[in-house]
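One file, protein-v3.txt, is given below (compact mmCIF, C-alpha atoms and all ligand atoms).
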```
# COMPACT_ATOMS: atom_id res chain seq x y z
CA MET J 561 82.88 -21.95 -145.63
CA THR J 562 84.12 -19.71 -148.43
CA GLU J 563 87.77 -19.15 -149.16
CA ALA J 564 89.31 -16.19 -147.40
CA GLY J 565 88.37 -12.95 -149.03
CA THR J 566 86.01 -14.32 -151.66
CA VAL J 567 82.41 -13.24 -151.67
CA PRO J 568 80.04 -16.15 -152.16
CA VAL J 569 78.58 -16.22 -155.65
CA ILE J 570 75.46 -17.88 -154.25
CA GLU J 571 74.40 -17.46 -150.65
CA THR J 572 71.17 -18.50 -148.96
CA ARG J 573 69.95 -18.00 -145.40
CA GLY J 574 67.17 -20.13 -144.00
CA LEU J 575 65.87 -20.67 -147.52
CA THR J 576 62.62 -22.61 -147.27
CA LYS J 577 60.00 -23.78 -149.75
CA ARG J 578 56.71 -25.36 -148.80
CA TYR J 579 54.62 -26.21 -151.84
CA ARG J 580 50.92 -25.49 -151.83
CA GLY J 581 50.07 -29.13 -151.17
CA GLY J 582 51.99 -28.78 -147.89
CA GLN J 583 55.16 -30.55 -149.08
CA LEU J 584 58.24 -29.07 -147.35
CA ALA J 585 60.69 -29.38 -150.25
CA VAL J 586 63.52 -27.18 -148.91
CA ASP J 587 63.94 -26.61 -145.19
CA GLY J 588 66.07 -23.78 -143.78
CA LEU J 589 68.91 -23.98 -146.29
CA ASP J 590 72.15 -22.04 -145.59
CA LEU J 591 74.29 -22.42 -148.69
CA ALA J 592 77.56 -20.62 -149.57
CA VAL J 593 79.06 -21.15 -153.01
CA PRO J 594 82.58 -19.66 -153.29
CA GLY J 595 83.53 -17.73 -156.41
CA GLY J 596 85.59 -19.80 -158.84
CA SER J 597 84.40 -23.14 -157.48
CA VAL J 598 82.80 -26.03 -159.29
CA PHE J 599 80.12 -26.61 -156.72
CA GLY J 600 78.26 -29.90 -156.63
CA PHE J 601 74.77 -29.87 -155.20
CA LEU J 602 74.30 -33.48 -154.27
CA GLY J 603 71.31 -35.40 -153.07
CA PRO J 604 69.02 -38.27 -153.94
CA ASN J 605 65.96 -37.69 -156.12
CA GLY J 606 63.36 -35.61 -154.30
CA SER J 607 65.82 -34.05 -151.82
CA GLY J 608 65.01 -30.50 -152.95
CA LYS J 609 67.77 -29.70 -155.45
CA THR J 610 65.56 -28.54 -158.33
CA THR J 611 63.34 -26.55 -155.99
CA THR J 612 66.42 -24.75 -154.63
CA ILE J 613 67.72 -24.00 -158.13
CA ARG J 614 64.34 -22.66 -159.17
CA MET J 615 64.35 -20.31 -156.17
CA LEU J 616 67.92 -19.20 -156.94
CA MET J 617 66.94 -18.37 -160.51
CA GLY J 618 63.85 -16.44 -159.39
CA LEU J 619 61.50 -18.92 -161.09
CA ILE J 620 59.57 -19.57 -157.87
CA ASP J 621 59.36 -17.57 -154.63
CA PRO J 622 60.65 -18.97 -151.34
CA THR J 623 58.17 -19.48 -148.53
CA SER J 624 60.74 -17.89 -146.20
CA GLY J 625 64.44 -17.12 -146.00
CA THR J 626 66.66 -15.26 -148.46
CA ALA J 627 68.86 -16.00 -151.46
CA SER J 628 71.50 -13.86 -153.12
CA VAL J 629 73.17 -14.55 -156.45
CA LEU J 630 76.27 -12.59 -157.53
CA GLY J 631 75.81 -10.50 -154.40
CA ARG J 632 72.27 -9.37 -155.26
CA PRO J 633 68.98 -10.51 -153.68
CA MET J 634 66.80 -12.92 -155.64
CA PRO J 635 64.18 -12.80 -157.00
CA ASP J 636 64.17 -8.96 -156.64
CA ALA J 637 67.37 -8.41 -158.65
CA ALA J 638 66.56 -11.05 -161.28
CA ARG J 639 66.67 -8.53 -164.13
CA THR J 640 70.23 -7.46 -163.44
CA VAL J 641 71.54 -10.81 -162.19
CA LEU J 642 70.15 -13.29 -164.70
CA PRO J 643 71.91 -11.88 -167.79
CA GLN J 644 75.19 -12.79 -166.07
CA VAL J 645 74.04 -16.33 -165.32
CA GLY J 646 73.87 -19.17 -167.82
CA ALA J 647 71.33 -21.79 -166.80
CA LEU J 648 70.49 -25.25 -168.03
CA ILE J 649 67.48 -26.45 -166.08
CA GLU J 650 65.42 -29.53 -166.90
CA GLY J 651 66.88 -29.94 -170.40
CA PRO J 652 67.15 -27.30 -173.12
CA ALA J 653 64.04 -26.25 -175.04
CA LEU J 654 65.05 -27.00 -178.63
CA TYR J 655 63.21 -27.03 -181.94
CA GLY J 656 63.85 -30.42 -183.52
CA PHE J 657 63.12 -29.17 -187.04
CA LEU J 658 65.78 -26.45 -186.81
CA SER J 659 69.50 -27.07 -187.13
CA GLY J 660 71.72 -26.72 -184.09
CA ARG J 661 72.96 -23.39 -185.45
CA ASP J 662 69.44 -22.05 -186.08
CA ASN J 663 68.38 -23.06 -182.58
CA LEU J 664 71.20 -20.89 -181.21
CA VAL J 665 70.26 -18.04 -183.55
CA ARG J 666 66.74 -18.23 -182.09
CA PHE J 667 68.09 -18.05 -178.53
CA ASP J 668 70.31 -15.12 -179.46
CA CYS J 669 67.41 -13.27 -181.13
CA ALA J 670 65.40 -13.66 -177.92
CA ASP J 671 68.05 -11.68 -176.02
CA PRO J 672 67.20 -7.97 -176.38
CA THR J 673 70.75 -6.95 -175.47
CA ALA J 674 72.39 -9.12 -178.17
CA ASP J 675 73.70 -7.12 -181.14
CA PRO J 676 72.31 -8.68 -184.36
CA ARG J 677 75.44 -7.64 -186.30
CA THR J 678 77.67 -9.91 -184.23
CA ARG J 679 75.14 -12.75 -183.97
CA GLY J 680 76.84 -15.06 -186.49
CA ALA J 681 80.18 -14.81 -184.73
CA ARG J 682 78.62 -15.38 -181.32
CA VAL J 683 76.74 -18.44 -182.46
CA GLY J 684 79.83 -19.80 -184.24
CA ASP J 685 81.97 -19.33 -181.12
CA ALA J 686 79.41 -21.07 -178.91
CA LEU J 687 79.17 -24.04 -181.30
CA GLU J 688 82.95 -24.27 -181.41
CA ARG J 689 83.09 -24.11 -177.63
CA VAL J 690 80.93 -27.18 -177.10
CA GLY J 691 82.42 -29.12 -180.03
CA LEU J 692 79.34 -28.93 -182.26
CA ALA J 693 80.77 -26.86 -185.13
CA ALA J 694 80.87 -29.86 -187.47
CA ALA J 695 77.28 -30.86 -186.64
CA ALA J 696 75.91 -27.30 -186.64
CA GLY J 697 73.89 -27.80 -189.84
CA LYS J 698 72.18 -30.99 -188.67
CA LYS J 699 68.61 -30.82 -187.43
CA ALA J 700 68.48 -30.88 -183.63
CA ARG J 701 66.13 -33.88 -183.67
CA ALA J 702 68.96 -35.92 -185.20
CA TYR J 703 71.25 -35.02 -182.27
CA SER J 704 72.08 -37.55 -179.57
CA LEU J 705 71.05 -36.68 -176.02
CA GLY J 706 74.64 -35.61 -175.31
CA MET J 707 74.68 -33.33 -178.35
CA LYS J 708 71.35 -31.79 -177.30
CA GLN J 709 72.75 -31.16 -173.84
CA ARG J 710 75.85 -29.56 -175.37
CA LEU J 711 73.65 -27.38 -177.56
CA GLY J 712 71.81 -26.31 -174.40
CA LEU J 713 75.16 -25.40 -172.88
CA ALA J 714 76.09 -23.49 -176.04
CA ALA J 715 72.88 -21.49 -175.62
CA ALA J 716 73.89 -20.71 -172.03
CA LEU J 717 77.31 -19.60 -173.31
CA LEU J 718 76.15 -17.17 -176.00
CA ARG J 719 77.35 -14.39 -173.77
CA PRO J 720 80.09 -14.35 -171.15
CA ARG J 721 78.79 -15.65 -167.85
CA ARG J 722 80.09 -15.28 -164.34
CA LEU J 723 78.01 -18.22 -163.16
CA LEU J 724 76.63 -21.34 -164.78
CA VAL J 725 73.79 -23.22 -163.09
CA LEU J 726 73.28 -26.73 -164.41
CA ASP J 727 70.52 -29.01 -163.14
CA GLU J 728 71.60 -32.66 -163.55
CA PRO J 729 73.66 -31.85 -166.69
CA THR J 730 74.60 -35.47 -167.40
CA ASN J 731 71.24 -37.06 -166.60
CA GLY J 732 70.33 -39.66 -169.21
CA LEU J 733 73.66 -39.42 -171.04
CA ASP J 734 75.80 -42.41 -171.99
CA PRO J 735 79.33 -42.59 -170.53
CA GLN J 736 80.84 -40.81 -173.56
CA GLY J 737 78.26 -38.00 -173.33
CA MET J 738 78.95 -37.69 -169.60
CA ARG J 739 82.69 -37.41 -170.23
CA GLU J 740 82.15 -34.67 -172.82
CA ILE J 741 79.97 -32.57 -170.52
CA ARG J 742 82.36 -33.05 -167.58
CA ALA J 743 85.34 -32.01 -169.71
CA LEU J 744 83.49 -28.90 -170.79
CA ILE J 745 82.62 -28.03 -167.19
CA ARG J 746 86.29 -28.34 -166.21
CA GLU J 747 87.32 -26.10 -169.11
CA LEU J 748 84.79 -23.42 -168.21
CA ALA J 749 85.90 -23.53 -164.59
CA ALA J 750 89.54 -23.20 -165.63
CA GLU J 751 88.56 -19.97 -167.39
CA GLY J 752 87.16 -18.61 -164.13
CA THR J 753 83.42 -19.28 -164.46
CA THR J 754 81.82 -20.49 -161.25
CA VAL J 755 79.79 -23.62 -161.98
CA PHE J 756 76.95 -24.78 -159.74
CA LEU J 757 75.66 -28.17 -160.75
CA SER J 758 73.18 -30.54 -159.20
CA SER J 759 73.66 -34.26 -159.37
CA HIS J 760 72.51 -37.44 -157.71
CA LEU J 761 75.77 -39.13 -158.75
CA LEU J 762 78.45 -39.19 -156.06
CA ASP J 763 81.26 -40.16 -158.40
CA GLU J 764 80.37 -37.30 -160.72
CA ILE J 765 80.77 -34.83 -157.87
CA GLU J 766 84.11 -36.40 -156.91
CA GLN J 767 85.33 -36.19 -160.50
CA VAL J 768 84.48 -32.59 -161.37
CA CYS J 769 83.70 -30.60 -158.25
CA THR J 770 85.98 -28.62 -155.95
CA HIS J 771 83.20 -28.08 -153.42
CA ALA J 772 79.93 -29.79 -152.61
CA ALA J 773 76.82 -29.57 -150.51
CA VAL J 774 74.90 -32.67 -149.56
CA MET J 775 71.11 -32.54 -149.30
CA ALA J 776 68.74 -35.09 -147.83
CA ARG J 777 64.97 -34.62 -147.44
CA GLY J 778 65.14 -30.88 -148.04
CA ARG J 779 67.86 -30.22 -145.48
CA LEU J 780 71.54 -29.45 -145.88
CA ILE J 781 73.64 -32.24 -144.35
CA THR J 782 77.07 -30.71 -144.97
CA GLN J 783 79.00 -28.45 -147.34
CA GLY J 784 82.63 -27.60 -148.03
CA PRO J 785 85.63 -28.57 -150.19
CA VAL J 786 85.15 -32.08 -151.60
CA ALA J 787 88.51 -33.22 -150.23
CA ASP J 788 87.50 -32.15 -146.71
CA LEU J 789 84.11 -33.82 -146.93
CA ALA J 790 85.66 -37.14 -147.89
CA ALA J 791 88.49 -36.76 -145.37
CA GLY J 792 85.91 -36.11 -142.63
CA SER J 793 85.28 -39.82 -142.53
CA LEU J 794 88.39 -41.92 -142.06
CA GLY J 795 89.23 -44.53 -144.65
CA ARG J 796 88.95 -48.26 -144.04
CA LEU J 797 91.87 -50.47 -143.17
CA ALA J 798 91.88 -53.56 -145.39
CA VAL J 799 94.01 -56.67 -144.78
CA THR J 800 93.94 -59.77 -146.97
CA THR J 801 95.22 -62.90 -145.24
CA PRO J 802 94.48 -66.63 -144.99
CA ASP J 803 94.73 -66.11 -141.18
CA ALA J 804 91.82 -63.68 -140.96
CA ALA J 805 90.61 -64.56 -137.45
CA ASP J 806 94.10 -64.21 -135.96
CA ALA J 807 94.62 -60.94 -137.82
CA ALA J 808 91.37 -59.61 -136.34
CA ARG J 809 92.58 -60.54 -132.85
CA VAL J 810 95.93 -58.79 -133.30
CA LEU J 811 94.26 -55.66 -134.69
CA LYS J 812 91.87 -55.63 -131.73
CA GLU J 813 94.80 -55.91 -129.29
CA HIS J 814 96.20 -52.77 -130.93
CA GLY J 815 93.02 -50.82 -130.28
CA ILE J 816 91.60 -51.01 -133.79
CA THR J 817 87.79 -50.70 -133.94
CA GLY J 818 85.04 -51.57 -136.38
CA ILE J 819 86.57 -54.92 -137.38
CA THR J 820 84.65 -57.06 -139.86
CA LEU J 821 85.61 -60.42 -141.38
CA ASP J 822 84.70 -61.62 -144.83
CA GLY J 823 86.56 -64.71 -146.05
CA ASP J 824 90.22 -63.74 -146.29
CA ARG J 825 89.41 -60.01 -145.95
CA VAL J 826 89.63 -58.19 -142.65
CA ARG J 827 88.38 -54.65 -142.69
CA ALA J 828 88.37 -52.12 -139.87
CA ASP J 829 88.27 -48.42 -139.10
CA ALA J 830 91.53 -46.83 -140.20
CA PRO J 831 93.68 -46.06 -137.14
CA ALA J 832 93.48 -42.43 -136.11
CA GLY J 833 96.58 -40.38 -135.34
CA THR J 834 98.83 -42.23 -132.90
CA VAL J 835 98.86 -45.76 -134.38
CA GLU J 836 101.46 -46.02 -137.12
CA LEU J 837 100.37 -48.18 -140.06
CA ALA J 838 103.86 -49.67 -140.48
CA ASP J 839 103.84 -50.77 -136.80
CA LEU J 840 100.45 -52.37 -137.26
CA ASN J 841 101.66 -54.29 -140.28
CA ALA J 842 104.79 -55.40 -138.37
CA ALA J 843 102.63 -56.56 -135.44
CA LEU J 844 100.60 -58.76 -137.78
CA VAL J 845 103.70 -60.30 -139.29
CA HIS J 846 105.33 -60.84 -135.87
CA GLY J 847 102.10 -62.52 -134.76
CA GLY J 848 102.72 -65.13 -137.46
CA ILE J 849 99.99 -63.81 -139.73
CA ARG J 850 100.62 -64.32 -143.43
CA VAL J 851 99.68 -60.91 -144.89
CA ARG J 852 98.87 -60.87 -148.60
CA SER J 853 97.93 -57.23 -148.75
CA PHE J 854 97.65 -54.41 -146.28
CA GLY J 855 96.47 -50.87 -146.80
CA VAL J 856 94.02 -48.09 -146.15
CA GLU J 857 91.27 -47.59 -148.68
CA ARG J 858 90.69 -43.90 -149.23
CA ALA J 859 87.41 -42.61 -147.84
CA SER J 860 85.08 -41.56 -150.59
CA LEU J 861 82.34 -39.02 -150.58
CA GLU J 862 80.02 -42.00 -150.45
CA ASP J 863 81.57 -43.11 -147.14
CA ALA J 864 81.10 -39.56 -145.87
CA PHE J 865 77.50 -39.50 -147.02
CA VAL J 866 76.70 -42.81 -145.36
CA ALA J 867 78.48 -41.73 -142.17
CA LEU J 868 76.58 -38.43 -142.12
CA THR J 869 73.11 -39.67 -142.91
CA GLY J 870 73.22 -43.33 -141.97
CA GLU J 871 71.70 -43.97 -145.39
CA GLY J 872 72.91 -45.68 -148.50
CA PHE J 873 73.14 -43.73 -151.70
CA ASP J 874 71.87 -44.40 -155.19
CA VAL J 875 75.36 -44.33 -156.65
CA ALA J 876 74.58 -45.86 -160.01
CA GLY J 877 71.72 -43.41 -160.60
N1 LIG J 901 55.46 -28.17 -157.92
C1 LIG J 901 55.47 -28.99 -156.87
N2 LIG J 901 54.39 -29.11 -156.06
C2 LIG J 901 54.41 -29.91 -154.97
N3 LIG J 901 55.49 -30.64 -154.59
C3 LIG J 901 56.60 -30.56 -155.34
C4 LIG J 901 56.67 -29.74 -156.52
N4 LIG J 901 57.90 -29.86 -157.06
C5 LIG J 901 58.57 -30.71 -156.27
N5 LIG J 901 57.80 -31.14 -155.24
C6 LIG J 901 58.21 -32.05 -154.14
O1 LIG J 901 59.26 -31.43 -153.42
C7 LIG J 901 60.28 -32.36 -153.06
C8 LIG J 901 61.62 -31.91 -153.62
O2 LIG J 901 61.59 -32.01 -155.05
P1 LIG J 901 62.77 -31.50 -156.01
O3 LIG J 901 62.31 -31.72 -157.40
O4 LIG J 901 63.18 -30.15 -155.60
O5 LIG J 901 63.92 -32.52 -155.63
P2 LIG J 901 65.21 -32.91 -156.44
O6 LIG J 901 66.25 -33.16 -155.41
O7 LIG J 901 65.49 -31.91 -157.48
O8 LIG J 901 64.81 -34.27 -157.09
P3 LIG J 901 64.83 -34.66 -158.64
O9 LIG J 901 66.25 -34.93 -158.94
O10 LIG J 901 63.96 -35.89 -158.65
O11 LIG J 901 64.21 -33.51 -159.37
C9 LIG J 901 59.81 -33.70 -153.60
O12 LIG J 901 59.17 -34.40 -152.55
C10 LIG J 901 58.80 -33.33 -154.67
O13 LIG J 901 57.82 -34.33 -154.79
```

How does the structure come out when it is put into structure tokens?
Amino acid sequence: MTEAGTVPVIETRGLTKRYRGGQLAVDGLDLAVPGGSVFGFLGPNGSGKTTTIRMLMGLIDPTSGTASVLGRPMPDAARTVLPQVGALIEGPALYGFLSGRDNLVRFDCADPTADPRTRGARVGDALERVGLAAAAGKKARAYSLGMKQRLGLAAALLRPRRLLVLDEPTNGLDPQGMREIRALIRELAAEGTTVFLSSHLLDEIEQVCTHAAVMARGRLITQGPVADLAAGSLGRLAVTTPDAADAARVLKEHGITGITLDGDRVRADAPAGTVELADLNAALVHGGIRVRSFGVERASLEDAFVALTGEGFDVAG
């Protein structure tokens, strides 16, 4: 699944986690995250995303299977791997009574490899990076949720990272906050950082991710480039006409399947391969059908998800 020649930045084989209560949270996961990708880890609440991330970061041990991050086994190589990974998991731990800047100073002090002489510059750069320079002196408790999330990202960016792991980075944010975080993710990716982010929002994955994996009930349903995942399910043909019943008949005569009628809308499976859309449109018109609009609606990741799992998806969150 990875691009030719690139070593996966995250790779798991048969990764499984059964919690002590017997809950099988992650079941035989084979994941491959290509270097340089923005990789969306998508699934409804409770599908095992956080459990997987916690295993990847060495926070909990798998029941069975293996995980490697930056080419090294986890959790065994956690000490060498984790300094190269910026993580934002379950919201940043901030002190409300400290300013944004002082929170970052605290994080930097906690890093034994961080040179105290260059601390001020590092903290300033990170604040600049996430657009918080102007609000750096404000107490963190006065920050909006989006600003807190950006401060958490700034903490993850205090040193150069090859990989960023973000668990639901836009959860609870308003649309403006979501846009800010997404823009930042795109920027970081453009600089070559691989970003692995979990989300239960399909449109978020479509907007920012190059690749995605879809989870349901602890199992991997599919993974690959986002464009391929969406293209895997054909789009829907949509015709608007006052002669809907006749249009449906003509489409059927031309071998079109999955036809549904709703008022003046006729929808159907998009024709595969041999049927030319222009010919189909001409056939309708020649059949005396008054066509108001005719086209193929692009398949979305949501269509792919529904086709793959037979389930709806909590799109709105
Ligand atoms: N510490 C735990 N002990 C027992 N069961 C757990 C524990 N943590 C999670 N689970 C269960 O494991 C399953 C997967 O949970 P997980 O949090 O990994 O899913 P998720 O996809 O990240 O969902 P969410 O977005 O709600 O966090 C759920 O059924 C959950 O109830």

Practice problem: Give the residues close to ligand LIG 901 (chain J), within 9 Å, counting all atoms listed in the file; write them as a ChimeraX atom specification. | Solution: /J:577-586,602-614,650,727-728,758-760,775-778

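Atom to atom, CA of Met615 in chain J and CA of Arg719 in chain J stand 22.7 Å apart.
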
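Between CA of Gly680 in chain J and CA of Ala653 in chain J the separation is 20.5 Å.
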
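Going from CA of Gln736 in chain J over to CA of Gly784 in chain J, you cover 28.8 Å.
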
What are the closest atom pairs, with distances in Å to one decimal, for all residues of range 709-764 of chain J lying within 12 Å of range 666-674 of chain J? Consider all atoms listed in the file, order rows by chain and residue number, and present the result as CSV.
```
residue,atom,partner,partner_atom,distance
J:Leu711,CA,J:Phe667,CA,10.9
J:Gly712,CA,J:Phe667,CA,10.0
J:Leu713,CA,J:Phe667,CA,11.7
J:Ala714,CA,J:Phe667,CA,10.0
J:Ala715,CA,J:Phe667,CA,6.6
J:Ala716,CA,J:Phe667,CA,9.1
J:Leu717,CA,J:Asp668,CA,10.3
J:Leu718,CA,J:Asp668,CA,7.1
J:Arg719,CA,J:Ala674,CA,8.5
J:Pro720,CA,J:Ala674,CA,11.7
```

Could the residues in this selection be saved with C-alpha atoms as a JSON list (two decimals), keeping the file's coordinate frame?
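Result written to out_23.json:
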```
[["chain", "number", "residue", "atom", "x", "y", "z"],
["J", 711, "LEU", "CA", 73.65, -27.38, -177.56],
["J", 712, "GLY", "CA", 71.81, -26.31, -174.40],
["J", 713, "LEU", "CA", 75.16, -25.40, -172.88],
["J", 714, "ALA", "CA", 76.09, -23.49, -176.04],
["J", 715, "ALA", "CA", 72.88, -21.49, -175.62],
["J", 716, "ALA", "CA", 73.89, -20.71, -172.03],
["J", 717, "LEU", "CA", 77.31, -19.60, -173.31],
["J", 718, "LEU", "CA", 76.15, -17.17, -176.00],
["J", 719, "ARG", "CA", 77.35, -14.39, -173.77],
["J", 720, "PRO", "CA", 80.09, -14.35, -171.15]]
```

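Nearest-residue note for Arg779 in chain J: choosing from J:Ala686, J:Leu575, J:Arg661, J:Gly588, the minimum distance belongs to J:Gly588, counting all atoms listed in the file.
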
Practice problem: Go through J:Val826, J:Leu619, J:Leu589, J:Leu705 one by one, measure the shortest atom-to-atom distance of each to Arg852 in chain J using all atoms listed in the file, and give the residue with the smallest value. | Solution: J:Val826

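Nearest residue to Arg746 in chain J among J:Ala592, J:Val598, J:Ala694, J:Ala804 is J:Val598, counting all atoms listed in the file.
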
Exercise. Find the spatial neighbours of Ser597 in chain J, counting only C-alpha atoms, within a cut-off of 7 Å - ignore same-chain residues fewer than 6 positions away - and output them as an NGL selection string.
Key: :J and (754-755 or 770-771)

Exercise. Mind checking which residues fall within 10 Å of Ser704 in chain J, counting only C-alpha atoms, ignoring those fewer than 3 positions away in the same chain, and posting them as a ChimeraX atom specification?
Key: /J:700-701,707-710,733-734,737

Would you mind putting back N, CA and C atoms on range 637-664 of chain J, then writing it out as a PDB file, keeping the file's coordinate frame?
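Wrote it out as out22.pdb, contents follow:
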```
ATOM      1  N   ALA J 637      66.384  -8.949-157.705  1.00  0.00           N
ATOM      2  CA  ALA J 637      67.370  -8.410-158.650  1.00  0.00           C
ATOM      3  C   ALA J 637      67.497  -9.289-159.906  1.00  0.00           C
ATOM      4  N   ALA J 638      66.476 -10.092-160.164  1.00  0.00           N
ATOM      5  CA  ALA J 638      66.560 -11.050-161.280  1.00  0.00           C
ATOM      6  C   ALA J 638      66.950 -10.376-162.599  1.00  0.00           C
ATOM      7  N   ARG J 639      66.408  -9.197-162.851  1.00  0.00           N
ATOM      8  CA  ARG J 639      66.670  -8.530-164.130  1.00  0.00           C
ATOM      9  C   ARG J 639      68.140  -8.179-164.331  1.00  0.00           C
ATOM     10  N   THR J 640      68.818  -7.802-163.280  1.00  0.00           N
ATOM     11  CA  THR J 640      70.230  -7.460-163.440  1.00  0.00           C
ATOM     12  C   THR J 640      71.132  -8.688-163.283  1.00  0.00           C
ATOM     13  N   VAL J 641      70.691  -9.648-162.471  1.00  0.00           N
ATOM     14  CA  VAL J 641      71.540 -10.810-162.190  1.00  0.00           C
ATOM     15  C   VAL J 641      71.486 -11.838-163.326  1.00  0.00           C
ATOM     16  N   LEU J 642      70.290 -12.166-163.776  1.00  0.00           N
ATOM     17  CA  LEU J 642      70.150 -13.290-164.700  1.00  0.00           C
ATOM     18  C   LEU J 642      70.925 -13.158-166.016  1.00  0.00           C
ATOM     19  N   PRO J 643      71.084 -11.959-166.579  1.00  0.00           N
ATOM     20  CA  PRO J 643      71.910 -11.880-167.790  1.00  0.00           C
ATOM     21  C   PRO J 643      73.356 -12.326-167.588  1.00  0.00           C
ATOM     22  N   GLN J 644      73.810 -12.348-166.329  1.00  0.00           N
ATOM     23  CA  GLN J 644      75.190 -12.790-166.070  1.00  0.00           C
ATOM     24  C   GLN J 644      75.270 -14.273-165.705  1.00  0.00           C
ATOM     25  N   VAL J 645      74.112 -14.920-165.727  1.00  0.00           N
ATOM     26  CA  VAL J 645      74.040 -16.330-165.320  1.00  0.00           C
ATOM     27  C   VAL J 645      73.567 -17.176-166.496  1.00  0.00           C
ATOM     28  N   GLY J 646      74.321 -18.220-166.812  1.00  0.00           N
ATOM     29  CA  GLY J 646      73.870 -19.170-167.820  1.00  0.00           C
ATOM     30  C   GLY J 646      73.216 -20.337-167.091  1.00  0.00           C
ATOM     31  N   ALA J 647      72.019 -20.716-167.520  1.00  0.00           N
ATOM     32  CA  ALA J 647      71.330 -21.790-166.800  1.00  0.00           C
ATOM     33  C   ALA J 647      70.872 -22.877-167.745  1.00  0.00           C
ATOM     34  N   LEU J 648      70.996 -24.102-167.274  1.00  0.00           N
ATOM     35  CA  LEU J 648      70.490 -25.250-168.030  1.00  0.00           C
ATOM     36  C   LEU J 648      69.670 -26.058-167.020  1.00  0.00           C
ATOM     37  N   ILE J 649      68.364 -25.848-167.074  1.00  0.00           N
ATOM     38  CA  ILE J 649      67.480 -26.450-166.080  1.00  0.00           C
ATOM     39  C   ILE J 649      66.466 -27.328-166.784  1.00  0.00           C
ATOM     40  N   GLU J 650      66.391 -28.584-166.343  1.00  0.00           N
ATOM     41  CA  GLU J 650      65.420 -29.530-166.900  1.00  0.00           C
ATOM     42  C   GLU J 650      65.491 -29.655-168.416  1.00  0.00           C
ATOM     43  N   GLY J 651      66.700 -29.700-168.961  1.00  0.00           N
ATOM     44  CA  GLY J 651      66.880 -29.940-170.400  1.00  0.00           C
ATOM     45  C   GLY J 651      66.589 -28.706-171.230  1.00  0.00           C
ATOM     46  N   PRO J 652      67.349 -28.495-172.299  1.00  0.00           N
ATOM     47  CA  PRO J 652      67.150 -27.300-173.120  1.00  0.00           C
ATOM     48  C   PRO J 652      65.877 -27.408-173.967  1.00  0.00           C
ATOM     49  N   ALA J 653      65.221 -26.271-174.176  1.00  0.00           N
ATOM     50  CA  ALA J 653      64.040 -26.250-175.040  1.00  0.00           C
ATOM     51  C   ALA J 653      64.495 -26.020-176.479  1.00  0.00           C
ATOM     52  N   LEU J 654      64.525 -27.092-177.261  1.00  0.00           N
ATOM     53  CA  LEU J 654      65.050 -27.000-178.630  1.00  0.00           C
ATOM     54  C   LEU J 654      63.934 -27.265-179.642  1.00  0.00           C
ATOM     55  N   TYR J 655      64.088 -26.684-180.821  1.00  0.00           N
ATOM     56  CA  TYR J 655      63.210 -27.030-181.940  1.00  0.00           C
ATOM     57  C   TYR J 655      63.890 -28.106-182.768  1.00  0.00           C
ATOM     58  N   GLY J 656      63.270 -29.289-182.810  1.00  0.00           N
ATOM     59  CA  GLY J 656      63.850 -30.420-183.520  1.00  0.00           C
ATOM     60  C   GLY J 656      64.000 -30.181-185.016  1.00  0.00           C
ATOM     61  N   PHE J 657      63.099 -29.370-185.591  1.00  0.00           N
ATOM     62  CA  PHE J 657      63.120 -29.170-187.040  1.00  0.00           C
ATOM     63  C   PHE J 657      64.139 -28.121-187.464  1.00  0.00           C
ATOM     64  N   LEU J 658      64.734 -27.429-186.480  1.00  0.00           N
ATOM     65  CA  LEU J 658      65.780 -26.450-186.810  1.00  0.00           C
ATOM     66  C   LEU J 658      67.152 -27.084-186.591  1.00  0.00           C
ATOM     67  N   SER J 659      68.133 -26.593-187.334  1.00  0.00           N
ATOM     68  CA  SER J 659      69.500 -27.070-187.130  1.00  0.00           C
ATOM     69  C   SER J 659      70.012 -26.584-185.771  1.00  0.00           C
ATOM     70  N   GLY J 660      71.109 -27.165-185.327  1.00  0.00           N
ATOM     71  CA  GLY J 660      71.720 -26.720-184.090  1.00  0.00           C
ATOM     72  C   GLY J 660      72.029 -25.225-184.159  1.00  0.00           C
ATOM     73  N   ARG J 661      72.593 -24.804-185.305  1.00  0.00           N
ATOM     74  CA  ARG J 661      72.960 -23.390-185.450  1.00  0.00           C
ATOM     75  C   ARG J 661      71.723 -22.503-185.359  1.00  0.00           C
ATOM     76  N   ASP J 662      70.648 -22.891-186.079  1.00  0.00           N
ATOM     77  CA  ASP J 662      69.440 -22.050-186.080  1.00  0.00           C
ATOM     78  C   ASP J 662      68.760 -22.011-184.715  1.00  0.00           C
ATOM     79  N   ASN J 663      68.896 -23.109-183.944  1.00  0.00           N
ATOM     80  CA  ASN J 663      68.380 -23.060-182.580  1.00  0.00           C
ATOM     81  C   ASN J 663      69.112 -21.975-181.785  1.00  0.00           C
ATOM     82  N   LEU J 664      70.426 -21.904-181.950  1.00  0.00           N
ATOM     83  CA  LEU J 664      71.200 -20.890-181.210  1.00  0.00           C
ATOM     84  C   LEU J 664      70.855 -19.490-181.696  1.00  0.00           C
TER      85      LEU J 664
END
```
